$ cat input-v4.cif   # mmCIF, C-alpha atoms
data_run
loop_
_atom_site.group_PDB
_atom_site.id
_atom_site.type_symbol
_atom_site.label_atom_id
_atom_site.label_comp_id
_atom_site.auth_asym_id
_atom_site.auth_seq_id
_atom_site.Cartn_x
_atom_site.Cartn_y
_atom_site.Cartn_z
ATOM 1 C CA MET F 2 0.000 0.000 0.000
ATOM 2 C CA ASN F 3 1.107 3.543 -0.677
ATOM 3 C CA SER F 4 0.999 6.276 1.953
ATOM 4 C CA LYS F 5 -2.564 7.323 1.148
ATOM 5 C CA GLU F 6 -3.864 3.760 1.240
ATOM 6 C CA LEU F 7 -2.035 3.070 4.497
ATOM 7 C CA LYS F 8 -3.512 6.108 6.176
ATOM 8 C CA GLN F 9 -7.007 5.195 5.004
ATOM 9 C CA ALA F 10 -6.618 1.602 6.223
ATOM 10 C CA ARG F 11 -5.377 2.880 9.580
ATOM 11 C CA ALA F 12 -8.326 5.285 9.781
ATOM 12 C CA ASP F 13 -10.712 2.381 9.156
ATOM 13 C CA ILE F 14 -9.195 0.445 12.057
ATOM 14 C CA VAL F 15 -9.409 3.477 14.340
ATOM 15 C CA GLN F 16 -13.044 4.062 13.399
ATOM 16 C CA GLN F 17 -13.941 0.462 14.266
ATOM 17 C CA PHE F 18 -11.712 -0.246 17.263
ATOM 18 C CA GLY F 19 -10.518 3.116 18.535
ATOM 19 C CA ASP F 20 -7.108 4.762 18.412
ATOM 20 C CA TRP F 21 -3.893 2.988 19.346
ATOM 21 C CA SER F 22 -3.415 3.147 23.113
ATOM 22 C CA ALA F 23 0.346 2.620 23.357
ATOM 23 C CA HIS F 24 2.329 1.015 20.551
ATOM 24 C CA ASN F 25 3.547 3.515 17.984
ATOM 25 C CA LEU F 26 5.364 1.561 15.298
ATOM 26 C CA TYR F 27 6.524 2.281 11.767
ATOM 27 C CA LEU F 28 4.427 0.765 8.986
ATOM 28 C CA GLY F 29 6.293 2.181 5.981
ATOM 29 C CA GLU F 30 5.719 5.066 3.563
ATOM 30 C CA ASP F 31 6.330 7.504 6.441
ATOM 31 C CA VAL F 32 3.225 6.155 8.208
ATOM 32 C CA TYR F 33 3.091 5.039 11.841
ATOM 33 C CA THR F 34 0.292 3.478 13.847
ATOM 34 C CA TYR F 35 -0.107 6.871 15.513
ATOM 35 C CA ASP F 36 -0.933 9.797 13.275
ATOM 36 C CA GLN F 37 2.065 12.124 13.319
ATOM 37 C CA THR F 38 -0.205 14.996 14.375
ATOM 38 C CA HIS F 39 -1.320 13.072 17.463
ATOM 39 C CA PRO F 40 -0.256 14.896 20.665
ATOM 40 C CA LYS F 41 1.239 11.683 22.055
ATOM 41 C CA PHE F 42 3.063 10.685 18.866
ATOM 42 C CA ALA F 43 6.603 11.494 20.039
ATOM 43 C CA ASP F 44 6.136 10.342 23.636
ATOM 44 C CA GLN F 45 4.784 6.951 22.606
ATOM 45 C CA LEU F 46 7.402 6.517 19.916
ATOM 46 C CA VAL F 47 10.349 7.275 22.187
ATOM 47 C CA GLY F 48 8.957 5.837 25.427
ATOM 48 C CA HIS F 49 7.897 2.449 24.121
ATOM 49 C CA GLY F 50 10.722 2.425 21.583
ATOM 50 C CA THR F 51 13.286 2.798 24.358
ATOM 51 C CA HIS F 52 11.690 -0.031 26.329
ATOM 52 C CA LEU F 53 11.506 -2.150 23.176
ATOM 53 C CA ARG F 54 15.242 -1.682 22.605
ATOM 54 C CA ARG F 55 15.848 -2.750 26.202
ATOM 55 C CA ILE F 56 13.804 -5.953 25.847
ATOM 56 C CA VAL F 57 15.275 -6.927 22.470
ATOM 57 C CA GLN F 58 18.803 -6.416 23.799
ATOM 58 C CA ILE F 59 18.062 -8.655 26.783
ATOM 59 C CA VAL F 60 16.748 -11.388 24.488
ATOM 60 C CA SER F 61 19.805 -11.160 22.250
ATOM 61 C CA ASP F 62 22.313 -11.082 25.116
ATOM 62 C CA ILE F 63 20.779 -13.975 27.040
ATOM 63 C CA THR F 64 20.114 -16.335 24.132
ATOM 64 C CA LYS F 65 23.414 -15.560 22.360
ATOM 65 C CA GLN F 66 22.050 -16.483 18.960
ATOM 66 C CA PRO F 67 20.399 -14.749 16.008
ATOM 67 C CA LEU F 68 16.844 -13.662 16.768
ATOM 68 C CA SER F 69 15.758 -15.403 13.574
ATOM 69 C CA GLN F 70 16.497 -18.755 15.218
ATOM 70 C CA LEU F 71 14.164 -18.208 18.181
ATOM 71 C CA ARG F 72 10.580 -19.136 18.905
ATOM 72 C CA ALA F 73 9.030 -16.452 21.091
ATOM 73 C CA LEU F 74 5.776 -15.902 22.964
ATOM 74 C CA ASP F 75 4.382 -12.428 23.692
ATOM 75 C CA LEU F 76 1.833 -12.687 26.504
ATOM 76 C CA ALA F 77 -0.922 -10.060 26.660
ATOM 77 C CA CYS F 78 0.716 -8.464 23.627
ATOM 78 C CA LEU F 79 -1.640 -5.458 23.502
ATOM 79 C CA GLU F 80 -1.102 -3.901 20.034
ATOM 80 C CA GLY F 81 1.781 -6.230 19.264
ATOM 81 C CA LEU F 82 4.895 -4.041 19.316
ATOM 82 C CA TYR F 83 7.272 -6.502 21.012
ATOM 83 C CA GLY F 84 6.192 -9.594 19.136
ATOM 84 C CA ILE F 85 6.156 -7.677 15.864
ATOM 85 C CA GLU F 86 9.717 -6.481 16.438
ATOM 86 C CA LEU F 87 10.999 -10.009 17.057
ATOM 87 C CA ALA F 88 9.076 -11.271 14.024
ATOM 88 C CA ARG F 89 10.635 -8.544 11.869
ATOM 89 C CA HIS F 90 14.010 -9.956 12.932
ATOM 90 C CA GLY F 91 12.878 -13.365 11.675
ATOM 91 C CA ALA F 92 11.777 -15.066 14.916
ATOM 92 C CA GLN F 93 8.776 -17.358 14.961
ATOM 93 C CA VAL F 94 6.389 -15.482 17.250
ATOM 94 C CA VAL F 95 3.042 -16.139 18.897
ATOM 95 C CA GLY F 96 1.183 -13.204 20.429
ATOM 96 C CA ILE F 97 -1.759 -13.670 22.796
ATOM 97 C CA GLU F 98 -4.125 -10.821 23.632
ATOM 98 C CA GLY F 99 -7.487 -10.911 25.376
ATOM 99 C CA ARG F 100 -9.142 -7.803 23.935
ATOM 100 C CA GLU F 101 -10.456 -7.673 20.377
ATOM 101 C CA ALA F 102 -9.708 -3.958 19.978
ATOM 102 C CA SER F 103 -6.031 -4.509 20.723
ATOM 103 C CA ILE F 104 -5.504 -7.731 18.792
ATOM 104 C CA GLU F 105 -7.126 -6.281 15.658
ATOM 105 C CA LYS F 106 -4.646 -3.403 15.665
ATOM 106 C CA ALA F 107 -1.812 -5.921 15.962
ATOM 107 C CA ARG F 108 -3.306 -7.937 13.095
ATOM 108 C CA PHE F 109 -3.474 -4.791 10.994
ATOM 109 C CA ALA F 110 0.247 -4.167 11.509
ATOM 110 C CA LYS F 111 1.021 -7.830 10.809
ATOM 111 C CA LYS F 112 -0.841 -7.650 7.496
ATOM 112 C CA VAL F 113 0.796 -4.394 6.438
ATOM 113 C CA LEU F 114 4.265 -5.729 7.279
ATOM 114 C CA ALA F 115 3.576 -9.169 5.733
ATOM 115 C CA LEU F 116 4.741 -11.069 8.819
ATOM 116 C CA ASP F 117 3.838 -14.672 8.046
ATOM 117 C CA ASN F 118 6.027 -15.780 10.958
ATOM 118 C CA LEU F 119 3.752 -14.000 13.464
ATOM 119 C CA THR F 120 0.650 -15.739 14.833
ATOM 120 C CA LEU F 121 -1.817 -13.574 16.760
ATOM 121 C CA THR F 122 -4.507 -15.164 18.900
ATOM 122 C CA GLN F 123 -7.300 -13.572 20.895
ATOM 123 C CA ASP F 124 -7.268 -15.527 24.131
ATOM 124 C CA ASP F 125 -7.054 -15.131 27.891
ATOM 125 C CA VAL F 126 -3.444 -15.684 28.989
ATOM 126 C CA ARG F 127 -4.823 -17.709 31.882
ATOM 127 C CA ASN F 128 -5.557 -20.392 29.260
ATOM 128 C CA LEU F 129 -1.839 -20.763 28.513
ATOM 129 C CA SER F 130 -0.642 -24.375 28.287
ATOM 130 C CA VAL F 131 1.927 -26.496 26.474
ATOM 131 C CA GLU F 132 -0.878 -28.495 24.874
ATOM 132 C CA LYS F 133 -2.401 -25.375 23.344
ATOM 133 C CA TYR F 134 0.653 -23.323 22.387
ATOM 134 C CA GLY F 135 3.760 -25.531 22.600
ATOM 135 C CA HIS F 136 7.214 -24.563 23.854
ATOM 136 C CA PHE F 137 9.169 -21.330 23.404
ATOM 137 C CA ASP F 138 12.798 -20.268 23.684
ATOM 138 C CA VAL F 139 11.709 -16.837 24.887
ATOM 139 C CA VAL F 140 8.602 -15.802 26.800
ATOM 140 C CA LEU F 141 7.743 -12.107 27.137
ATOM 141 C CA CYS F 142 5.579 -11.369 30.164
ATOM 142 C CA LEU F 143 5.461 -7.585 29.958
ATOM 143 C CA GLY F 144 2.889 -5.694 31.980
ATOM 144 C CA ILE F 145 0.468 -8.548 32.629
ATOM 145 C CA LEU F 146 1.527 -10.301 35.845
ATOM 146 C CA TYR F 147 0.220 -7.499 38.073
ATOM 147 C CA HIS F 148 -3.217 -7.664 36.417
ATOM 148 C CA LEU F 149 -3.881 -11.176 37.756
ATOM 149 C CA ASP F 150 -5.423 -12.061 41.091
ATOM 150 C CA ALA F 151 -4.665 -14.998 43.364
ATOM 151 C CA PRO F 152 -4.768 -17.911 42.736
ATOM 152 C CA ASP F 153 -4.652 -17.225 38.971
ATOM 153 C CA VAL F 154 -1.263 -15.527 39.250
ATOM 154 C CA PHE F 155 0.263 -18.708 40.730
ATOM 155 C CA HIS F 156 -1.174 -20.953 38.007
ATOM 156 C CA PHE F 157 -0.090 -18.484 35.325
ATOM 157 C CA VAL F 158 3.556 -18.378 36.459
ATOM 158 C CA GLU F 159 3.654 -22.186 36.557
ATOM 159 C CA ARG F 160 2.249 -22.426 33.024
ATOM 160 C CA MET F 161 4.631 -19.749 31.817
ATOM 161 C CA SER F 162 7.470 -21.897 33.147
ATOM 162 C CA ASP F 163 5.991 -24.981 31.477
ATOM 163 C CA VAL F 164 6.058 -23.425 28.003
ATOM 164 C CA CYS F 165 9.448 -21.724 28.509
ATOM 165 C CA THR F 166 12.574 -23.695 27.627
ATOM 166 C CA ARG F 167 15.206 -20.967 28.066
ATOM 167 C CA VAL F 168 14.298 -17.488 29.302
ATOM 168 C CA ALA F 169 11.291 -15.498 30.449
ATOM 169 C CA ILE F 170 11.437 -11.711 30.650
ATOM 170 C CA ILE F 171 9.027 -10.322 33.208
ATOM 171 C CA ASP F 172 8.284 -6.623 33.479
ATOM 172 C CA THR F 173 5.983 -6.041 36.416
ATOM 173 C CA HIS F 174 4.897 -3.965 39.363
ATOM 174 C CA VAL F 175 5.545 -5.460 42.797
ATOM 175 C CA GLY F 176 3.876 -4.923 46.129
ATOM 176 C CA LEU F 177 5.855 -2.715 48.491
ATOM 177 C CA VAL F 178 3.426 -2.822 51.407
ATOM 178 C CA PRO F 179 1.860 -6.302 51.625
ATOM 179 C CA ASN F 180 -1.722 -6.381 52.843
ATOM 180 C CA GLN F 181 -2.637 -9.936 51.811
ATOM 181 C CA THR F 182 -1.155 -13.390 52.216
ATOM 182 C CA HIS F 183 -2.101 -16.418 50.125
ATOM 183 C CA THR F 184 -0.984 -20.008 50.578
ATOM 184 C CA TYR F 185 -0.283 -22.014 47.443
ATOM 185 C CA LYS F 186 1.094 -25.555 47.487
ATOM 186 C CA GLY F 187 2.106 -25.165 51.110
ATOM 187 C CA ARG F 188 4.024 -21.899 50.590
ATOM 188 C CA GLU F 189 3.000 -18.446 51.745
ATOM 189 C CA TYR F 190 3.049 -15.584 49.247
ATOM 190 C CA HIS F 191 2.631 -11.964 50.241
ATOM 191 C CA GLY F 192 1.503 -8.996 48.207
ATOM 192 C CA TRP F 193 -0.696 -5.973 47.709
ATOM 193 C CA SER F 194 -4.340 -6.243 46.650
ATOM 194 C CA PHE F 195 -4.884 -3.660 43.895
ATOM 195 C CA ARG F 196 -8.300 -2.620 42.586
ATOM 196 C CA GLU F 197 -8.646 -3.095 38.820
ATOM 197 C CA HIS F 198 -12.336 -2.240 38.297
ATOM 198 C CA ASP F 199 -15.256 -0.816 40.243
ATOM 199 C CA ASP F 200 -17.512 -3.421 41.835
ATOM 200 C CA ASN F 201 -20.429 -2.422 39.611
ATOM 201 C CA ALA F 202 -18.439 -2.168 36.353
ATOM 202 C CA SER F 203 -20.174 -4.078 33.554
ATOM 203 C CA PRO F 204 -18.348 -6.703 31.450
ATOM 204 C CA GLU F 205 -18.438 -4.257 28.531
ATOM 205 C CA ALA F 206 -16.877 -1.487 30.613
ATOM 206 C CA ARG F 207 -14.129 -3.818 31.792
ATOM 207 C CA LEU F 208 -13.273 -4.815 28.235
ATOM 208 C CA LYS F 209 -13.004 -1.150 27.252
ATOM 209 C CA ALA F 210 -10.478 -0.530 30.038
ATOM 210 C CA LEU F 211 -7.503 -1.509 27.873
ATOM 211 C CA TRP F 212 -4.955 -1.034 30.640
ATOM 212 C CA ALA F 213 -6.706 -3.132 33.283
ATOM 213 C CA SER F 214 -7.508 -6.795 33.904
ATOM 214 C CA LEU F 215 -9.970 -8.611 31.662
ATOM 215 C CA ASP F 216 -12.522 -9.302 34.360
ATOM 216 C CA ASN F 217 -11.158 -9.668 37.914
ATOM 217 C CA GLU F 218 -11.985 -6.742 40.218
ATOM 218 C CA HIS F 219 -8.668 -6.975 42.055
ATOM 219 C CA SER F 220 -5.157 -8.106 41.245
ATOM 220 C CA PHE F 221 -2.447 -9.430 43.543
ATOM 221 C CA TRP F 222 0.894 -7.639 43.283
ATOM 222 C CA LEU F 223 3.468 -10.054 44.691
ATOM 223 C CA THR F 224 6.238 -8.578 46.807
ATOM 224 C CA ARG F 225 9.737 -9.003 45.432
ATOM 225 C CA PRO F 226 10.630 -11.826 47.861
ATOM 226 C CA SER F 227 7.387 -13.665 47.083
ATOM 227 C CA LEU F 228 7.799 -13.213 43.339
ATOM 228 C CA PHE F 229 11.370 -14.518 43.457
ATOM 229 C CA ASN F 230 10.210 -17.525 45.488
ATOM 230 C CA LEU F 231 7.301 -18.225 43.119
ATOM 231 C CA LEU F 232 9.564 -18.165 40.060
ATOM 232 C CA ALA F 233 11.985 -20.566 41.756
ATOM 233 C CA ALA F 234 9.189 -22.880 42.873
ATOM 234 C CA SER F 235 7.848 -22.891 39.302
ATOM 235 C CA GLY F 236 11.083 -24.214 37.831
ATOM 236 C CA PHE F 237 13.278 -21.232 37.009
ATOM 237 C CA THR F 238 16.818 -21.882 38.232
ATOM 238 C CA SER F 239 18.003 -18.261 38.442
ATOM 239 C CA VAL F 240 16.415 -14.812 38.324
ATOM 240 C CA TYR F 241 18.132 -11.508 37.569
ATOM 241 C CA THR F 242 17.089 -7.868 37.634
ATOM 242 C CA CYS F 243 18.068 -5.917 34.527
ATOM 243 C CA GLN F 244 19.768 -2.614 35.372
ATOM 244 C CA TYR F 245 21.036 -1.844 31.873
ATOM 245 C CA PRO F 246 19.854 -0.906 29.274
ATOM 246 C CA VAL F 247 18.420 1.814 31.494
ATOM 247 C CA PRO F 248 14.630 1.945 31.938
ATOM 248 C CA LEU F 249 13.160 5.404 31.467
ATOM 249 C CA GLY F 250 11.028 6.744 34.314
ATOM 250 C CA GLN F 251 11.085 3.461 36.210
ATOM 251 C CA TRP F 252 9.048 3.361 39.421
ATOM 252 C CA VAL F 253 10.693 1.876 42.507
ATOM 253 C CA ASP F 254 7.852 -0.660 42.631
ATOM 254 C CA ARG F 255 8.586 -2.008 39.140
ATOM 255 C CA ASP F 256 11.242 -4.441 37.907
ATOM 256 C CA THR F 257 12.373 -6.092 34.704
ATOM 257 C CA LEU F 258 13.323 -9.635 35.666
ATOM 258 C CA VAL F 259 15.158 -12.200 33.567
ATOM 259 C CA ALA F 260 14.187 -15.707 34.669
ATOM 260 C CA ILE F 261 16.318 -18.564 33.330
ATOM 261 C CA LYS F 262 15.284 -22.175 32.809
ATOM 262 C CA GLY F 263 18.521 -24.060 33.408
ATOM 263 C CA ASP F 264 19.757 -27.357 34.815
ATOM 264 C CA PRO F 265 20.351 -27.496 38.592
ATOM 265 C CA GLN F 266 24.048 -28.073 39.220
ATOM 266 C CA ALA F 267 25.545 -30.380 41.848
ATOM 267 C CA LEU F 268 28.612 -29.171 43.748
ATOM 268 C CA LEU F 269 31.846 -31.139 43.732
ATOM 269 C CA SER F 270 33.967 -29.047 46.100
ATOM 270 C CA THR F 271 31.347 -28.882 48.863
ATOM 271 C CA PRO F 272 29.122 -31.913 48.192
ATOM 272 C CA THR F 273 27.497 -31.724 51.629
ATOM 273 C CA VAL F 274 25.639 -28.595 50.514
ATOM 274 C CA ASN F 275 23.897 -30.593 47.782
ATOM 275 C CA GLY F 276 21.644 -32.115 50.423
ATOM 276 C CA VAL F 277 20.774 -28.785 52.032
ATOM 277 C CA PRO F 278 17.523 -27.137 50.833
ATOM 278 C CA ALA F 279 18.142 -23.956 48.885
ATOM 279 C CA PRO F 280 17.334 -20.843 50.930
ATOM 280 C CA VAL F 281 14.242 -18.796 50.109
ATOM 281 C CA TRP F 282 13.571 -15.099 50.406
ATOM 282 C CA THR F 283 11.680 -13.945 53.479
ATOM 283 C CA GLU F 284 9.556 -10.832 53.692
ATOM 284 C CA ASP F 285 11.832 -9.326 56.325
ATOM 285 C CA SER F 286 14.987 -9.948 54.284
ATOM 286 C CA GLU F 287 16.983 -6.740 54.264
ATOM 287 C CA VAL F 288 20.300 -5.778 52.796
ATOM 288 C CA GLY F 289 22.476 -4.330 55.531
ATOM 289 C CA LEU F 290 25.063 -1.607 55.191
ATOM 290 C CA HIS F 291 28.763 -2.321 55.160
ATOM 291 C CA PRO F 292 30.499 -0.512 58.065
ATOM 292 C CA SER F 293 32.144 1.877 55.604
ATOM 293 C CA GLN F 294 28.724 2.787 54.221
ATOM 294 C CA GLU F 295 27.429 3.438 57.714
ATOM 295 C CA HIS F 296 30.336 5.834 58.137
ATOM 296 C CA GLN F 297 29.413 7.567 54.877
ATOM 297 C CA MET F 298 25.832 7.954 56.060
ATOM 298 C CA LYS F 299 26.958 9.561 59.304
ATOM 299 C CA SER F 300 29.529 11.801 57.674
ATOM 300 C CA SER F 301 26.991 13.011 55.099
ATOM 301 C CA GLY F 302 24.502 13.922 57.771
ATOM 302 C CA GLY F 303 22.555 10.674 57.612
ATOM 303 C CA GLY F 304 18.896 10.381 56.840
ATOM 304 C CA LEU F 305 17.443 11.268 53.476
ATOM 305 C CA ARG F 306 20.308 13.638 52.654
ATOM 306 C CA ALA F 307 22.498 10.609 52.006
ATOM 307 C CA PHE F 308 20.273 9.459 49.126
ATOM 308 C CA PRO F 309 20.040 10.845 45.583
ATOM 309 C CA ARG F 310 17.091 13.182 45.118
ATOM 310 C CA ARG F 311 15.777 11.017 42.295
ATOM 311 C CA ILE F 312 15.412 8.044 44.648
ATOM 312 C CA ILE F 313 13.709 10.190 47.279
ATOM 313 C CA ARG F 314 11.259 11.601 44.732
ATOM 314 C CA LYS F 315 10.323 8.156 43.427
ATOM 315 C CA GLY F 316 9.931 6.834 46.940
ATOM 316 C CA LEU F 317 7.586 9.685 47.850
ATOM 317 C CA ASN F 318 5.537 9.027 44.714
ATOM 318 C CA VAL F 319 5.171 5.376 45.688
ATOM 319 C CA ILE F 320 4.045 6.394 49.179
ATOM 320 C CA LYS F 321 1.404 8.679 47.649
ATOM 321 C CA ARG F 322 0.233 5.892 45.347
ATOM 322 C CA THR F 323 0.075 3.456 48.260
ATOM 323 C CA ARG F 324 -2.087 5.884 50.208
ATOM 324 C CA ARG F 325 -4.464 6.168 47.268
ATOM 325 C CA GLN F 326 -4.656 2.357 47.067
ATOM 326 C CA ARG F 327 -5.531 2.152 50.744
ATOM 327 C CA THR F 328 -8.431 4.580 50.336
ATOM 328 C CA SER F 329 -9.733 3.144 47.059
#

$ encode --input "input-v4.cif" --output "structure tokens"
Amino acid sequence: MNSKELKQARADIVQQFGDWSAHNLYLGEDVYTYDQTHPKFADQLVGHGTHLRRIVQIVSDITKQPLSQLRALDLACLEGLYGIELARHGAQVVGIEGREASIEKARFAKKVLALDNLTLTQDDVRNLSVEKYGHFDVVLCLGILYHLDAPDVFHFVERMSDVCTRVAIIDTHVGLVPNQTHTYKGREYHGWSFREHDDNASPEARLKALWASLDNEHSFWLTRPSLFNLLAASGFTSVYTCQYPVPLGQWVDRDTLVAIKGDPQALLSTPTVNGVPAPVWTEDSEVGLHPSQEHQMKSSGGGLRAFPRRIIRKGLNVIKRTRRQRTS
């Protein structure tokens, strides 16, 4: 399609399903999914583009092979940006999205870009299983985990591990102030209960809320210790937090985690440890200060003055958000 035809086809999609809500991607002929006169055009292009670069770099660095040789799964893919990018690099990609409005926009981009190696399915990610979707080298779980409530979040992480053969990348909010505890398979998991929809919201209204859960009124934001423990219990052998490439505007209650599916290793130098259960994170686990750092704190005046202003500002924002959650 030429530029005029592309713009008309995009306008038809917008008329039927609404404007793009997040993913601003290049379609060709100087046409993007966002109209270039849209007030959010630049912000969405740079913001999501920067995060996309971060995720693609993680995938490349961890797998250490051409992206074209990977099979990838994009869970709750919204308008498809991340799966589309991997498919444009030649990966075999499956994208799952629960809302028709979002999946149709992804399908539009797939058609325009002629991505035969991209399969897009409208489905609830809670239906994920090996039987239905198979196995994947890479699983992208970006911005969906914190939209699930207990016990669904536990089942979902287990199924994500089942379909993942190498690496899962998880971008998620975490609970900073736990107000709920759930027991699953004999283990306690702590987190924050977050309201997704009003009690009286209709099914139609919930579907229109593109940045909320599909149907559950609340979601369960696992604390960092509980999330680490859940990933380990589900079969991931190591979990890392990505600090670079740098996330833009990252909240202190959000992480990008890289969870690896590896083979547990037995020790030869200290074989006795092989019979000792691996330690788990506890909710009161804290990282102490080295004596030299304590000295720095005292010499700098201690208290908040010892911390960068950026960290203080983000922390205060989280406190404000937490207060709003408590009153909602």

$ resolve_selection --input "input-v4.cif" --expression "the PyMOL selection byres ((chain F and resi 179) around 9)" --output "list in words"
Gly176, Leu177, Val178, Asn180, Gln181, Thr182, His191, Gly192, Trp193, Ser194, Trp222, Leu223 and Thr224 of chain F

$ atom_distance --input "input-v4.cif" --atom1 "CA of Gly250 in chain F" --atom2 "CA of Ile63 in chain F"
24.0 Å

$ axis_aligned_box --input "input-v4.cif" --around "range 64-82 of chain F" --padding-each-side "6 Å" --output "AutoDock Vina command-line options"
--center_x 10.9 --center_y -11.5 --center_z 20.1 --size_x 37.1 --size_y 27.2 --size_z 25.1

$ atom_distance --input "input-v4.cif" --atom1 "CA of Arg127 in chain F" --atom2 "CA of Phe229 in chain F"
20.2 Å

$ resolve_selection --input "input-v4.cif" --expression "the PyMOL selection byres ((chain F and resi 153-165) around 6)" --output "ChimeraX atom specification"
/F:127,130-131,136-137,149-152,166-167,235

$ residues_around --input "input-v4.cif" --residues "Asp199 in chain F" --least-positions-apart "2" --cutoff "7 Å" --atoms "only C-alpha atoms" --output "CSV table (one decimal) with C-alpha atoms, in the coordinates of the input"
chain,number,residue,atom,x,y,z
F,201,ASN,CA,-20.4,-2.4,39.6
F,202,ALA,CA,-18.4,-2.2,36.4
F,218,GLU,CA,-12.0,-6.7,40.2

$ resolve_selection --input "input-v4.cif" --expression "the PyMOL selection byres ((chain F and resi 256-269) around 6)" --output "mmCIF file with C-alpha atoms, in the coordinates of the input"
data_model
loop_
_atom_site.group_PDB
_atom_site.id
_atom_site.type_symbol
_atom_site.label_atom_id
_atom_site.label_comp_id
_atom_site.auth_asym_id
_atom_site.auth_seq_id
_atom_site.Cartn_x
_atom_site.Cartn_y
_atom_site.Cartn_z
ATOM 1 C CA ARG F 167 15.206 -20.967 28.066
ATOM 2 C CA VAL F 168 14.298 -17.488 29.302
ATOM 3 C CA ALA F 169 11.291 -15.498 30.449
ATOM 4 C CA ILE F 170 11.437 -11.711 30.650
ATOM 5 C CA ILE F 171 9.027 -10.322 33.208
ATOM 6 C CA ASP F 172 8.284 -6.623 33.479
ATOM 7 C CA THR F 173 5.983 -6.041 36.416
ATOM 8 C CA PHE F 237 13.278 -21.232 37.009
ATOM 9 C CA THR F 238 16.818 -21.882 38.232
ATOM 10 C CA SER F 239 18.003 -18.261 38.442
ATOM 11 C CA VAL F 240 16.415 -14.812 38.324
ATOM 12 C CA TYR F 241 18.132 -11.508 37.569
ATOM 13 C CA THR F 242 17.089 -7.868 37.634
ATOM 14 C CA CYS F 243 18.068 -5.917 34.527
ATOM 15 C CA ARG F 255 8.586 -2.008 39.140
ATOM 16 C CA SER F 270 33.967 -29.047 46.100
ATOM 17 C CA THR F 271 31.347 -28.882 48.863
ATOM 18 C CA PRO F 272 29.122 -31.913 48.192
#

$ atom_distance --input "input-v4.cif" --atom1 "CA of Asp13 in chain F" --atom2 "CA of Lys106 in chain F"
10.6 Å

$ closest_residue --input "input-v4.cif" --among "F:Met2, F:Val47, F:Leu146, F:Leu74" --to "Asp31 in chain F" --atoms "only C-alpha atoms"
F:Met2

$ closest_residue --input "input-v4.cif" --among "F:Asp200, F:Asp124, F:Asp117, F:Glu284" --to "Leu76 in chain F" --atoms "all atoms listed in the file"
F:Asp124

$ closest_residue --input "input-v4.cif" --among "F:Val113, F:Leu28, F:Ala23, F:Ala73" --to "Ala43 in chain F" --atoms "all atoms listed in the file"
F:Ala23
